[in-house]
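Below: the structure, in C-alpha cells.
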Amino acid sequence: MGRIAASLNQEPNVPILPSIALTRRKLLQRMGLVGLASPLPFLRAFSYSGLAAEVPEVATVVRNRAPLAANAFHFLPLGSIRPAGWLRSQLQTQASGLSGHLDETWADVGPTNGWLGGKGDSWERGPYFLDGLVPLAWLLDDARLKAKAQRYIDWTLDHQAANGMMGPAANDDWWPRFVMLKVLTQYQELAGDARVIPFMEKYFRYQLGALPARPLRDWGRFRWQDELLSVVWLYNRTGSPYLLDLAHLLRKQGFDWMAAYANFQHTQRITREFLKLNEGNNGLGDLALSTHGVNNGQAVKAGSVWSLVSGEAGDRDAARRMIAELNRYHGLPNGMFSCDEHLAGMDPSQGSELCTVVEYMFSLEHSLAITGDPALGDELEKLAFNALPGTLTDDMWAHQYNQEPNQVECSLHRKPWTTDGPESNLFGLEPNFGCCTANFSQGWPKLVASLFLLSAGQTDGQAEGLVAAVYAPCEVRTVVQGVPVHLVEETGYPFRGAVKITVNPASPVSFPVQLRIPAWAAGTKIWVNGQSMGEQVAGTFARIERLWKAGDRVEIVFPMVPRVSRWFRDSVALERGPLVFSYGIGEDWVKLRDRGMTADWQVFPTSAWNYALNVDEASAAGIAVQEEAIGERPFAARQAPVRLRVKARRVDAWRAEDGAANPLPQSPVASDQPEETITLIPYAAAKLRITAFPQCKTS
Ligand SMILES: [Zn+2]
C-alpha cells in the first residue's frame, strides 16, 4: 500500500493539500483575479464571455466539424496537461539528454539540415526531431528548447514556395511533409502562431492539385493516415470543403490496411528470402512495406482515423482487430509486436524497433480518443511503461534500434534479426540507422497529452466531461461546460496502485468524470470525498457524475497483484499492474566508440540467466512484492521502485548462441538444479534481461 492509499484508509476526510490550494491561487493569478473579494462570479462571466479561449491554460477543445463523425473523446488543447512527479522528471531527463542536444552533436539535424535551408539531410530527420522537441519544449516551458525548435519552424513557414509546396526543394517526397504537418499542428496549439493555418491551407490546396500527377509512393503510400490526421485537424478549424476531397484522395492512393488486415496473411516470421531482398529487391516493394514494423505501428490507427470520414463502424473498430492479429502472431511480453525490421514471429529473442514503439503509441493515443475503447489504453500503458524506457539508457543519451524481451547480450555478434544489421541492439547515437535517433523524442511528451481527454457529449446525448485515459502524475487546466477546471492527479502509478485526483472547478459544475479501469484490474475500488463507490468492472470506464466543487477528491486503488501471462512455447512472464517484470542479468558496458556528446556501447552479460520459474497462474498472486521509494529515475535498475521475489531453477540446456538466447524450451521443463529465489525488476530497468521464462515442471 502506498502513502496515498494509507492516508485514504485512515483519514477519509483529509482537506485539500496546501500545494493544490497554492496552485489554484496561481491559476487565479494568471487570470488576474487574485485580490478580488470574490473571484468566482467573475470567473464564470469570464469563461462564458468566450475570453477564456485567449488564456492558454484554459483553451477550448476543437471538435470534429460535420460531416466528419464525432470522436468518443477529444484531446485537450496541447499544453492543458502538464507532467508532474516522476513523469516530469522523465521529461527533464529527456531534455538534458539526446532530445535536448541532438542538433549540437548530430549533423543530420544540425545547422546544415535541409529544414534550416542547408544542404544536409532534407528528408524525415528534421521533422522527426521536431515532432518530439516541440511538445517537450513547451510542456517543460523550456526557453532553450523552444528557441531551438523555432528556427526550423520559422524557416519552414518563411520559405513556402509560391505554389504552396513546403520544405527543402532538394527532396520533394510527400512523406517527410506528413511529419512536418504533425509538428505544425502541435506548434500552433502550443504557441498560437497565426501563420500556421494559412500556411497549411496553401500547402494542402497545392497537394490536392499535385497528387493526381505525382501520387503517394513507398513510405507515404503506406503512411497516408498520418497526413489524414493533419487534414482533419485543419478541416475542424477552417471547414474548407476541398480538405474532404484531399482526405478521399489520400485514402484512394494509400495502401488499404483495412483490407490487408481483414484477411491477414503475414502470420509467420518474415525473412529476407521471403521478401526476395537477396535478388536485387530494394525493400520498397509492397510486400516489404506492408510487413515493415514501423508501417504497421503507424497503420494501427488507419481504420479509426478514416472512420471519421467514412462514418463506418467497421473502420472504427479496425484498430482492435489489427492489434489482435499482431499480438496473435507477433506478440511479445513487453507489449510490442516483433519487427526487426519486418514482422518477426513470437520468439522473445526477436527485436522491436524504437520507431515502432513510439509510432504504435501515437496510433493507440488517437485510436483511443476516436473510439473510446479502454482496451487501447491498456496497450498504450504497456508500451509506455515498459518498451519505451526499456530501450533507452537511464540518462536518455543513448538508445537501441531493436530491443528484445529476452536480451542476453547487446553486441556486434550476428543476431536473429529478419533484415536488420549487426548494430541493431547496441545502445548508442544511431545504431543500425538514424531514424529512431530523430524520432524517439515524441514518445513521452505525446503520452502526457493523452492522460486526460474530454468526453464529447456531441452525439450520445451525454454532458461533456473529463476522462482519465492513462494514469500518471499530472496537472490539468481546461474548461468543462464553460467553467474553468483545474485538476491534479497525484500517483506513483505504474509502480503503485493508488491514484488521487483533486477536482477544482472555478465554480460548482456538474459533469461526468470517467476513469479507465484496466482489464487486469478486477477489484478496483473508488472513493469520492472518502465515500466508497463500490467495486468497479475491469475493462470499462467507471463513470462518476456529480456536482463538482473545488477540492473534491477521487481516490482509486487498483489491485497491484502479480499475475502470470503466457507467451512463446507456453513460457511465462510476470506482470503487476501495467508493468512487466524481468530478471536483470549482470551488465558489463563496454564503449565501442565515442560519438560526439554521447557514445556507442556494447553490453555483455556477467551472470547466468537461464532460469525457469516455479510459478503458475494460481500461485502468482502469492509472490512477494517489495516496494521502494520512487526516485528521479524510476526506470533505472538501482532505483527500481518495485521488485518481485520468485522461486526459480537453472535450465542447463538453455544457452545463448552468437549473443542471442536460443529459442525457449517448451514449458514445462524439468530441472535437477537446486531451487533459488531470484529478484525480478521492472522490464525497463533491466537492460540485459529475461522476460519470458520457461516454467518449471512441478512434479
Ligand atoms: Zn527507427
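By order of appearance in the C-alpha cells: chains A, B, ..., then residues from 1 within every chain, and ligands from 1 in the order shown.
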
- Run DSSP on the backbone and give me the residues of range 471-541 of chain A it puts in strand (DSSP E or B), as a PyMOL selection string. chain A and resi 474-480+483-491+498-505+509-517+525-528+531-535+540-541

- Any idea what's packed within 9 Å of Tyr187 in chain A, counting only C-alpha atoms, ignoring anything in its chain fewer than 5 positions away? Could you give it as a ChimeraX atom specification? /A:78,134-135,138,153,182,192-193,196

How would the residues just chosen look if you wrote them out with N, CA, C and O atoms as a PDB file, in the first residue's frame?
```
ATOM      1  N   LEU A  78      -3.217  21.179 -26.670  1.00  0.00           N
ATOM      2  CA  LEU A  78      -1.885  20.858 -26.131  1.00  0.00           C
ATOM      3  C   LEU A  78      -1.462  21.911 -25.123  1.00  0.00           C
ATOM      4  O   LEU A  78      -1.692  23.106 -25.330  1.00  0.00           O
ATOM      5  N   VAL A 134       9.158  19.794 -30.092  1.00  0.00           N
ATOM      6  CA  VAL A 134       8.161  20.858 -29.883  1.00  0.00           C
ATOM      7  C   VAL A 134       7.317  20.593 -28.631  1.00  0.00           C
ATOM      8  O   VAL A 134       7.266  21.437 -27.727  1.00  0.00           O
ATOM      9  N   PRO A 135       6.667  19.428 -28.505  1.00  0.00           N
ATOM     10  CA  PRO A 135       5.888  19.233 -27.260  1.00  0.00           C
ATOM     11  C   PRO A 135       6.773  19.159 -26.023  1.00  0.00           C
ATOM     12  O   PRO A 135       6.367  19.627 -24.946  1.00  0.00           O
ATOM     13  N   TRP A 138       7.629  22.854 -24.987  1.00  0.00           N
ATOM     14  CA  TRP A 138       6.519  23.658 -24.448  1.00  0.00           C
ATOM     15  C   TRP A 138       5.963  23.055 -23.162  1.00  0.00           C
ATOM     16  O   TRP A 138       5.555  23.790 -22.266  1.00  0.00           O
ATOM     17  N   ILE A 153      11.012  25.803 -37.505  1.00  0.00           N
ATOM     18  CA  ILE A 153       9.623  26.162 -37.815  1.00  0.00           C
ATOM     19  C   ILE A 153       9.585  27.480 -38.586  1.00  0.00           C
ATOM     20  O   ILE A 153       8.883  27.609 -39.590  1.00  0.00           O
ATOM     21  N   LYS A 182       2.412  17.289 -38.709  1.00  0.00           N
ATOM     22  CA  LYS A 182       2.149  16.944 -37.295  1.00  0.00           C
ATOM     23  C   LYS A 182       2.844  17.944 -36.368  1.00  0.00           C
ATOM     24  O   LYS A 182       2.308  18.333 -35.337  1.00  0.00           O
ATOM     25  N   GLY A 192       0.155  29.205 -30.577  1.00  0.00           N
ATOM     26  CA  GLY A 192      -0.872  30.079 -31.135  1.00  0.00           C
ATOM     27  C   GLY A 192      -0.380  30.944 -32.285  1.00  0.00           C
ATOM     28  O   GLY A 192      -0.881  32.046 -32.498  1.00  0.00           O
ATOM     29  N   ASP A 193       0.590  30.445 -33.051  1.00  0.00           N
ATOM     30  CA  ASP A 193       1.174  31.225 -34.149  1.00  0.00           C
ATOM     31  C   ASP A 193       0.165  31.336 -35.299  1.00  0.00           C
ATOM     32  O   ASP A 193      -0.239  30.328 -35.893  1.00  0.00           O
ATOM     33  N   VAL A 196       0.366  29.551 -39.045  1.00  0.00           N
ATOM     34  CA  VAL A 196       0.311  28.113 -39.337  1.00  0.00           C
ATOM     35  C   VAL A 196      -0.891  27.738 -40.204  1.00  0.00           C
ATOM     36  O   VAL A 196      -0.755  27.014 -41.196  1.00  0.00           O
TER      37      VAL A 196
END
```

- Task: Using only C-alpha atoms and all ligand atoms, determine which residues fall within 7 Å of ligand 1, then list them as a list in words.
- Result: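 For ligand 1, the residues inside 7 Å are Glu353, Leu354, Cys355, Thr356, Tyr401, Phe433, Gly434, Cys435, Cys436 and Asn439 of chain A.
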
- Of the residues A:Trp417, A:Trp444, A:Trp155, A:Phe693, which is the one nearest to Thr271 in chain A, using only C-alpha atoms? A:Trp417

- Find, counting only C-alpha atoms, the residue in A:Thr419, A:Ala210, A:Gly120, A:Gly132 that gets nearest to Lys276 in chain A.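 Selected residue with least distance to Lys276 in chain A: A:Thr419.
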